[in-house]
Amino acid sequence: MLLPAIFTLDIDGRPTLAFEAKNLRESQQLCHEHWLRQDIAVLMSNGEPLWDGKARLRARRSTENEIAAYRQAARDSKQTEGDLLLAYLVELDDLQETP
């Protein structure tokens with residue numbers, strides 16, 4: 001059995017999140033998932049949305065540093081087996097509104 005590989009989602013050429021997939025084709029399908037597109041459109045980094053709804057989304061094999069970041073996130077994660085872990089490679093703004 002092949003272990004899943006780690007892939008990175010680039011948004012307009014910017015490495016944004018890392019995740020596991022069985023192969024490149026499966027990783028590229030994630031770019032078209034409605035729920036992911038919704039999530040990255042509302043998440044913010046440095047006051048900017050991760051995705052403006054127009055920029056190109058591209059999945060590719062992760063670099064060694066991105067794999068290390070994913071593995072660290074997986075160790076720190078409280079997710080249950082079988083959940084898709086998305087390890088963000090950019091700093092996300094706090095989702096809480098500050099008064």
# chains A, B, ... in the order shown; residues from 1 in each chain; ligands from 1

$ closest_atom_pairs --of "region 39-81 of chain A" --to "region 4-13 of chain A" --cutoff "12 Å" --atoms "only C-alpha atoms" --output "tab-separated table"
residue	atom	partner	partner_atom	distance
A:Ile40	CA	A:Ile11	CA	9.5
A:Ala41	CA	A:Ile11	CA	11.0
A:Pro49	CA	A:Ile11	CA	10.9
A:Leu50	CA	A:Ile11	CA	7.6
A:Trp51	CA	A:Ile11	CA	6.8
A:Asp52	CA	A:Ile11	CA	9.4
A:Gly53	CA	A:Ile11	CA	10.1
A:Lys54	CA	A:Asp12	CA	8.9
A:Ala55	CA	A:Asp12	CA	5.1
A:Arg56	CA	A:Asp12	CA	4.9
A:Leu57	CA	A:Ile11	CA	4.8
A:Arg58	CA	A:Asp10	CA	5.2
A:Ala59	CA	A:Leu9	CA	4.5
A:Arg60	CA	A:Phe7	CA	5.5
A:Arg61	CA	A:Phe7	CA	4.4
A:Ser62	CA	A:Phe7	CA	4.7
A:Thr63	CA	A:Thr8	CA	8.2
A:Glu64	CA	A:Ile6	CA	9.6
A:Asn65	CA	A:Thr8	CA	10.9
A:Glu66	CA	A:Thr8	CA	7.4
A:Ile67	CA	A:Ile6	CA	6.2
A:Ala68	CA	A:Ile6	CA	9.8
A:Ala69	CA	A:Ile6	CA	10.4
A:Tyr70	CA	A:Ile6	CA	7.8
A:Arg71	CA	A:Ile6	CA	9.2
A:Ala74	CA	A:Ile6	CA	11.5

$ select_by_dssp --residues "region 6-39 of chain A" --states "alpha helix (DSSP H)" --output "MDAnalysis selection string"
chainID A and resid 24:30 34:39

$ closest_residue --among "A:Asp76, A:Asp83, A:Asp39, A:Glu48" --to "Phe19 (chain A)" --atoms "only C-alpha atoms"
A:Asp83
